[in-house]
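What's in work-v6.txt: compact mmCIF, C-alpha atoms and all ligand atoms
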# COMPACT_ATOMS: atom_id res chain seq x y z
CA MET A 1 15.46 -5.46 4.23
CA ASP A 2 15.82 -9.27 3.99
CA GLU A 3 12.85 -9.67 6.31
CA LEU A 4 10.69 -7.42 4.12
CA GLY A 5 11.47 -9.46 1.03
CA LYS A 6 9.89 -12.50 2.66
CA VAL A 7 6.77 -10.92 4.19
CA ARG A 8 6.21 -8.19 1.53
CA LYS A 9 4.62 -5.77 4.03
CA LYS A 10 5.38 -4.75 7.57
CA ALA A 11 3.51 -2.54 10.01
CA LEU A 12 5.60 -0.13 12.03
CA VAL A 13 5.04 2.77 14.41
CA ILE A 14 7.53 5.57 13.78
CA ASN A 15 7.36 8.63 16.04
CA LYS A 16 3.85 7.50 17.08
CA ARG A 17 2.72 7.33 13.45
CA PRO A 18 1.45 4.06 11.99
CA VAL A 19 3.28 3.21 8.79
CA VAL A 20 3.19 0.19 6.52
CA VAL A 21 6.27 -0.54 4.43
CA VAL A 22 5.59 -2.56 1.30
CA TYR A 23 8.06 -4.44 -0.87
CA SER A 24 6.66 -4.66 -4.39
CA GLU A 25 7.03 -7.61 -6.74
CA GLN A 26 9.19 -5.37 -8.95
CA GLY A 27 11.59 -4.90 -6.03
CA SER A 28 10.76 -1.32 -5.04
CA LEU A 29 9.94 -0.19 -1.51
CA HIS A 30 7.00 2.01 -0.57
CA ALA A 31 5.74 3.42 2.71
CA LEU A 32 2.17 4.47 3.37
CA ARG A 33 0.23 5.69 6.38
CA ASP A 34 -1.17 2.54 7.93
CA VAL A 35 -4.70 3.89 8.31
CA CYS A 36 -7.57 3.49 5.88
CA PRO A 37 -9.11 6.93 5.24
CA HIS A 38 -12.61 5.44 5.20
CA LYS A 39 -13.10 4.07 8.73
CA GLY A 40 -9.58 3.72 10.06
CA PRO A 41 -8.41 0.09 10.21
CA CYS A 42 -4.78 -0.78 9.55
CA LEU A 43 -4.15 -1.26 5.83
CA SER A 44 -1.32 -3.61 6.80
CA ASP A 45 -4.02 -6.11 7.85
CA GLY A 46 -5.33 -6.14 4.26
CA MET A 47 -4.13 -8.02 1.23
CA LEU A 48 -1.37 -6.95 -1.09
CA ASP A 49 -2.54 -7.78 -4.59
CA LYS A 50 -2.59 -6.80 -8.26
CA ASN A 51 -5.20 -4.45 -9.57
CA CYS A 52 -8.08 -6.29 -11.19
CA ALA A 53 -10.71 -4.35 -13.09
CA GLY A 54 -13.24 -4.82 -15.83
CA ALA A 55 -15.55 -2.62 -17.85
CA MET A 56 -18.49 -4.95 -17.54
CA SER A 57 -19.84 -7.62 -15.25
CA GLY A 58 -17.81 -10.83 -15.50
CA GLU A 59 -14.83 -9.16 -17.16
CA TYR A 60 -11.52 -9.41 -15.27
CA ILE A 61 -8.42 -7.62 -16.47
CA PHE A 62 -5.28 -7.95 -14.35
CA ASP A 63 -3.00 -4.95 -14.37
CA ARG A 64 0.44 -6.34 -13.64
CA GLU A 65 1.95 -2.89 -13.15
CA THR A 66 -0.30 -1.72 -10.35
CA GLU A 67 0.00 -3.37 -6.96
CA VAL A 68 -2.60 -2.41 -4.41
CA LEU A 69 -3.07 -2.65 -0.70
CA ARG A 70 -6.68 -3.64 -0.07
CA CYS A 71 -8.42 -2.47 3.08
CA PRO A 72 -9.48 -5.43 5.25
CA TRP A 73 -12.89 -3.94 6.07
CA HIS A 74 -14.55 -2.75 2.83
CA SER A 75 -11.89 -3.57 0.23
CA TRP A 76 -11.02 -0.10 -0.95
CA GLU A 77 -7.79 -0.46 -2.91
CA PHE A 78 -4.80 1.88 -2.74
CA ASP A 79 -1.94 2.04 -5.24
CA ILE A 80 1.17 1.28 -3.19
CA ARG A 81 3.25 3.72 -5.29
CA THR A 82 1.01 6.78 -4.93
CA GLY A 83 -1.39 6.00 -2.08
CA LYS A 84 -4.26 6.96 -4.38
CA SER A 85 -7.46 4.96 -4.21
CA LEU A 86 -8.38 3.20 -7.42
CA PHE A 87 -12.00 4.27 -7.41
CA SER A 88 -11.47 7.99 -6.67
CA PRO A 89 -7.76 8.77 -7.12
CA ASP A 90 -8.18 12.54 -7.06
CA LYS A 91 -10.22 12.61 -3.85
CA ILE A 92 -9.32 9.59 -1.72
CA ARG A 93 -5.73 8.73 -0.96
CA VAL A 94 -3.40 7.55 1.77
CA ARG A 95 -0.32 9.54 2.64
CA THR A 96 2.94 8.12 1.31
CA TYR A 97 6.47 8.62 2.63
CA PRO A 98 9.86 8.47 0.90
CA VAL A 99 11.81 5.26 1.56
CA THR A 100 15.53 4.64 1.17
CA VAL A 101 17.77 1.66 1.80
CA GLU A 102 21.28 2.08 3.15
CA GLU A 103 23.49 -0.96 3.73
CA GLY A 104 20.45 -3.19 4.05
CA ASP A 105 18.57 -0.95 6.49
CA VAL A 106 15.27 0.66 5.49
CA PHE A 107 14.68 4.34 6.30
CA VAL A 108 11.28 6.02 6.11
CA GLU A 109 11.22 9.82 5.97
CA LEU A 110 8.21 11.25 7.80
S1 LIG B 201 -12.65 1.01 6.37
FE1 LIG B 201 -11.30 0.81 4.72
S2 LIG B 201 -12.59 0.69 3.04
FE2 LIG B 201 -13.95 0.97 4.67
Would you mind writing the file's structure down as structure tokens?
Ligand code: FES
Amino acid sequence: MDELGKVRKKALVINKRPVVVVYSEQGSLHALRDVCPHKGPCLSDGMLDKNCAGAMSGEYIFDRETEVLRCPWHSWEFDIRTGKSLFSPDKIRVRTYPVTVEEGDVFVEL
């Protein structure tokens, strides 16, 4: 758990499944399948960032509530809490897994 607080995201393989565990700025833990649903690279190689959107060209609005994992290849963004993509949340998402912490150890339920 201490290690996660410093790096903010960590790639793991659990029972042959790629998983990325993310430690949010608000202090919550999230686990997502570490595969982008578009072309398959590891999301853990992408940036962890805040959502930034705008209704028109040149407008930037930072959403401090929504942290996203951005795919390193084509920059699709996934909400770390839900795994849903920002551009098509009802159709494109990454699987998420429940995470618990017991005595400083992190457990991911697959
Ligand atoms: S491979 Fe992830 S957005 Fe294209």
Taking all atoms listed in the file into account, report as a JSON list (two decimals) with C-alpha atoms, keeping the file's coordinate frame which residues have an atom no farther than 8 Å from an atom of ligand LIG 201 (chain B).
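As a result, out_22.json now contains:
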[["chain", "number", "residue", "atom", "x", "y", "z"],
["A", 36, "CYS", "CA", -7.57, 3.49, 5.88],
["A", 37, "PRO", "CA", -9.11, 6.93, 5.24],
["A", 38, "HIS", "CA", -12.61, 5.44, 5.20],
["A", 39, "LYS", "CA", -13.10, 4.07, 8.73],
["A", 40, "GLY", "CA", -9.58, 3.72, 10.06],
["A", 41, "PRO", "CA", -8.41, 0.09, 10.21],
["A", 43, "LEU", "CA", -4.15, -1.26, 5.83],
["A", 70, "ARG", "CA", -6.68, -3.64, -0.07],
["A", 71, "CYS", "CA", -8.42, -2.47, 3.08],
["A", 72, "PRO", "CA", -9.48, -5.43, 5.25],
["A", 73, "TRP", "CA", -12.89, -3.94, 6.07],
["A", 74, "HIS", "CA", -14.55, -2.75, 2.83],
["A", 75, "SER", "CA", -11.89, -3.57, 0.23],
["A", 76, "TRP", "CA", -11.02, -0.10, -0.95],
["A", 77, "GLU", "CA", -7.79, -0.46, -2.91]]
Skipping near chain neighbours, those fewer than 6 positions away, what residues fall within 12 Å of Arg17 (chain A) using only C-alpha atoms, listed as a CSV table (one decimal) with C-alpha atoms, keeping the file's coordinate frame?
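So the final result, stored in out_10.csv, reads:
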chain,number,residue,atom,x,y,z
A,11,ALA,CA,3.5,-2.5,10.0
A,31,ALA,CA,5.7,3.4,2.7
A,32,LEU,CA,2.2,4.5,3.4
A,33,ARG,CA,0.2,5.7,6.4
A,34,ASP,CA,-1.2,2.5,7.9
A,35,VAL,CA,-4.7,3.9,8.3
A,42,CYS,CA,-4.8,-0.8,9.6
A,95,ARG,CA,-0.3,9.5,2.6
A,97,TYR,CA,6.5,8.6,2.6
A,108,VAL,CA,11.3,6.0,6.1
A,109,GLU,CA,11.2,9.8,6.0
A,110,LEU,CA,8.2,11.2,7.8
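CA of Asn15 (chain A) lies 23.4 Å from CA of Phe78 (chain A).
Here the selection is built from all atoms listed in the file, and the residues within 9 Å of (8.6, -2.0, -0.4) turn out to be Met1, Leu4, Gly5, Arg8, Lys9, Val21, Val22, Tyr23, Ser24, Glu25, Gly27, Ser28, Leu29, His30, Ala31, Ile80 and Val99 of chain A.
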Worksheet item: Interatomic distance between CA of Ser44 (chain A) and CA of Asp90 (chain A)?
Response: 22.4 Å
Discussion item. Could you check the closest approach to Ile92 (chain A) for each of A:Asp79, A:Val19, A:Asn51, A:Phe107 and tell me which residue wins, using all atoms listed in the file?
Written reply: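 Nearest to Ile92 (chain A): A:Asp79.
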Practice prompt. One decimal, Å: what's the distance from CA of Leu69 (chain A) over to CA of Val7 (chain A), could you say?
Written response: 13.8 Å
Discussion item. Show me the residues around (-1.5, -8.6, -12.1) - criterion: an atom at most 12 Å away, all atoms listed in the file counted - as a list in words.
Written reply: Ser24, Glu25, Gln26, Leu48, Asp49, Lys50, Asn51, Cys52, Ala53, Tyr60, Ile61, Phe62, Asp63, Arg64, Glu65, Thr66, Glu67 and Val68 of chain A
Residue rebuild result region 74-109 of chain A, N, CA and C atoms as a PDB file, keeping the file's coordinate frame:
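Writing done, so here's part-v4.pdb:
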ATOM      1  N   HIS A  74     -13.609  -2.934   3.949  1.00  0.00           N
ATOM      2  CA  HIS A  74     -14.550  -2.750   2.830  1.00  0.00           C
ATOM      3  C   HIS A  74     -13.863  -2.833   1.474  1.00  0.00           C
ATOM      4  N   SER A  75     -12.629  -3.262   1.465  1.00  0.00           N
ATOM      5  CA  SER A  75     -11.890  -3.570   0.230  1.00  0.00           C
ATOM      6  C   SER A  75     -11.558  -2.392  -0.672  1.00  0.00           C
ATOM      7  N   TRP A  76     -11.548  -1.186  -0.140  1.00  0.00           N
ATOM      8  CA  TRP A  76     -11.020  -0.100  -0.950  1.00  0.00           C
ATOM      9  C   TRP A  76      -9.569  -0.435  -1.263  1.00  0.00           C
ATOM     10  N   GLU A  77      -9.142  -0.109  -2.480  1.00  0.00           N
ATOM     11  CA  GLU A  77      -7.790  -0.460  -2.910  1.00  0.00           C
ATOM     12  C   GLU A  77      -6.960   0.802  -3.109  1.00  0.00           C
ATOM     13  N   PHE A  78      -5.706   0.737  -2.660  1.00  0.00           N
ATOM     14  CA  PHE A  78      -4.800   1.880  -2.740  1.00  0.00           C
ATOM     15  C   PHE A  78      -3.531   1.479  -3.481  1.00  0.00           C
ATOM     16  N   ASP A  79      -3.171   2.268  -4.488  1.00  0.00           N
ATOM     17  CA  ASP A  79      -1.940   2.040  -5.240  1.00  0.00           C
ATOM     18  C   ASP A  79      -0.763   2.211  -4.283  1.00  0.00           C
ATOM     19  N   ILE A  80       0.082   1.189  -4.163  1.00  0.00           N
ATOM     20  CA  ILE A  80       1.170   1.280  -3.190  1.00  0.00           C
ATOM     21  C   ILE A  80       2.208   2.328  -3.585  1.00  0.00           C
ATOM     22  N   ARG A  81       2.259   2.724  -4.853  1.00  0.00           N
ATOM     23  CA  ARG A  81       3.250   3.720  -5.290  1.00  0.00           C
ATOM     24  C   ARG A  81       2.811   5.135  -4.966  1.00  0.00           C
ATOM     25  N   THR A  82       1.510   5.400  -5.073  1.00  0.00           N
ATOM     26  CA  THR A  82       1.010   6.780  -4.930  1.00  0.00           C
ATOM     27  C   THR A  82       0.116   6.976  -3.712  1.00  0.00           C
ATOM     28  N   GLY A  83      -0.427   5.904  -3.171  1.00  0.00           N
ATOM     29  CA  GLY A  83      -1.390   6.000  -2.080  1.00  0.00           C
ATOM     30  C   GLY A  83      -2.791   6.345  -2.554  1.00  0.00           C
ATOM     31  N   LYS A  84      -2.954   6.571  -3.858  1.00  0.00           N
ATOM     32  CA  LYS A  84      -4.260   6.960  -4.380  1.00  0.00           C
ATOM     33  C   LYS A  84      -5.205   5.762  -4.436  1.00  0.00           C
ATOM     34  N   SER A  85      -6.461   6.031  -4.089  1.00  0.00           N
ATOM     35  CA  SER A  85      -7.460   4.960  -4.210  1.00  0.00           C
ATOM     36  C   SER A  85      -7.715   4.710  -5.687  1.00  0.00           C
ATOM     37  N   LEU A  86      -8.118   3.511  -6.015  1.00  0.00           N
ATOM     38  CA  LEU A  86      -8.380   3.200  -7.420  1.00  0.00           C
ATOM     39  C   LEU A  86      -9.717   3.757  -7.874  1.00  0.00           C
ATOM     40  N   PHE A  87     -10.669   3.858  -6.958  1.00  0.00           N
ATOM     41  CA  PHE A  87     -12.000   4.270  -7.410  1.00  0.00           C
ATOM     42  C   PHE A  87     -12.173   5.784  -7.426  1.00  0.00           C
ATOM     43  N   SER A  88     -11.378   6.528  -6.658  1.00  0.00           N
ATOM     44  CA  SER A  88     -11.470   7.990  -6.670  1.00  0.00           C
ATOM     45  C   SER A  88     -10.079   8.574  -6.413  1.00  0.00           C
ATOM     46  N   PRO A  89      -9.170   8.407  -7.360  1.00  0.00           N
ATOM     47  CA  PRO A  89      -7.760   8.770  -7.120  1.00  0.00           C
ATOM     48  C   PRO A  89      -7.525  10.244  -6.823  1.00  0.00           C
ATOM     49  N   ASP A  90      -8.385  11.112  -7.306  1.00  0.00           N
ATOM     50  CA  ASP A  90      -8.180  12.540  -7.060  1.00  0.00           C
ATOM     51  C   ASP A  90      -8.725  13.001  -5.712  1.00  0.00           C
ATOM     52  N   LYS A  91      -9.586  12.193  -5.109  1.00  0.00           N
ATOM     53  CA  LYS A  91     -10.220  12.610  -3.850  1.00  0.00           C
ATOM     54  C   LYS A  91      -9.794  11.777  -2.646  1.00  0.00           C
ATOM     55  N   ILE A  92      -9.594  10.480  -2.844  1.00  0.00           N
ATOM     56  CA  ILE A  92      -9.320   9.590  -1.720  1.00  0.00           C
ATOM     57  C   ILE A  92      -7.921   8.998  -1.875  1.00  0.00           C
ATOM     58  N   ARG A  93      -7.081   9.278  -0.904  1.00  0.00           N
ATOM     59  CA  ARG A  93      -5.730   8.730  -0.960  1.00  0.00           C
ATOM     60  C   ARG A  93      -5.188   8.540   0.453  1.00  0.00           C
ATOM     61  N   VAL A  94      -4.114   7.762   0.522  1.00  0.00           N
ATOM     62  CA  VAL A  94      -3.400   7.550   1.770  1.00  0.00           C
ATOM     63  C   VAL A  94      -2.056   8.247   1.632  1.00  0.00           C
ATOM     64  N   ARG A  95      -1.614   8.843   2.685  1.00  0.00           N
ATOM     65  CA  ARG A  95      -0.320   9.540   2.640  1.00  0.00           C
ATOM     66  C   ARG A  95       0.807   8.541   2.380  1.00  0.00           C
ATOM     67  N   THR A  96       1.756   8.958   1.570  1.00  0.00           N
ATOM     68  CA  THR A  96       2.940   8.120   1.310  1.00  0.00           C
ATOM     69  C   THR A  96       4.171   8.848   1.852  1.00  0.00           C
ATOM     70  N   TYR A  97       5.214   8.073   2.094  1.00  0.00           N
ATOM     71  CA  TYR A  97       6.470   8.620   2.630  1.00  0.00           C
ATOM     72  C   TYR A  97       7.634   8.111   1.794  1.00  0.00           C
ATOM     73  N   PRO A  98       8.663   8.942   1.620  1.00  0.00           N
ATOM     74  CA  PRO A  98       9.860   8.470   0.900  1.00  0.00           C
ATOM     75  C   PRO A  98      10.573   7.362   1.687  1.00  0.00           C
ATOM     76  N   VAL A  99      11.093   6.391   0.950  1.00  0.00           N
ATOM     77  CA  VAL A  99      11.810   5.260   1.560  1.00  0.00           C
ATOM     78  C   VAL A  99      13.180   5.143   0.898  1.00  0.00           C
ATOM     79  N   THR A 100      14.199   4.911   1.705  1.00  0.00           N
ATOM     80  CA  THR A 100      15.530   4.640   1.170  1.00  0.00           C
ATOM     81  C   THR A 100      16.104   3.421   1.870  1.00  0.00           C
ATOM     82  N   VAL A 101      17.075   2.807   1.217  1.00  0.00           N
ATOM     83  CA  VAL A 101      17.770   1.660   1.800  1.00  0.00           C
ATOM     84  C   VAL A 101      19.260   1.988   1.817  1.00  0.00           C
ATOM     85  N   GLU A 102      19.847   1.851   3.005  1.00  0.00           N
ATOM     86  CA  GLU A 102      21.280   2.080   3.150  1.00  0.00           C
ATOM     87  C   GLU A 102      21.890   0.900   3.876  1.00  0.00           C
ATOM     88  N   GLU A 103      22.786   0.213   3.170  1.00  0.00           N
ATOM     89  CA  GLU A 103      23.490  -0.960   3.730  1.00  0.00           C
ATOM     90  C   GLU A 103      22.498  -1.959   4.321  1.00  0.00           C
ATOM     91  N   GLY A 104      21.408  -2.177   3.632  1.00  0.00           N
ATOM     92  CA  GLY A 104      20.450  -3.190   4.050  1.00  0.00           C
ATOM     93  C   GLY A 104      19.406  -2.715   5.041  1.00  0.00           C
ATOM     94  N   ASP A 105      19.560  -1.498   5.554  1.00  0.00           N
ATOM     95  CA  ASP A 105      18.570  -0.950   6.490  1.00  0.00           C
ATOM     96  C   ASP A 105      17.595  -0.050   5.752  1.00  0.00           C
ATOM     97  N   VAL A 106      16.333  -0.122   6.146  1.00  0.00           N
ATOM     98  CA  VAL A 106      15.270   0.660   5.490  1.00  0.00           C
ATOM     99  C   VAL A 106      14.999   1.916   6.313  1.00  0.00           C
ATOM    100  N   PHE A 107      14.960   3.071   5.626  1.00  0.00           N
ATOM    101  CA  PHE A 107      14.680   4.340   6.300  1.00  0.00           C
ATOM    102  C   PHE A 107      13.427   4.951   5.680  1.00  0.00           C
ATOM    103  N   VAL A 108      12.509   5.361   6.544  1.00  0.00           N
ATOM    104  CA  VAL A 108      11.280   6.020   6.110  1.00  0.00           C
ATOM    105  C   VAL A 108      11.351   7.465   6.577  1.00  0.00           C
ATOM    106  N   GLU A 109      11.159   8.395   5.632  1.00  0.00           N
ATOM    107  CA  GLU A 109      11.220   9.820   5.970  1.00  0.00           C
ATOM    108  C   GLU A 109       9.814  10.340   6.215  1.00  0.00           C
TER     109      GLU A 109
END
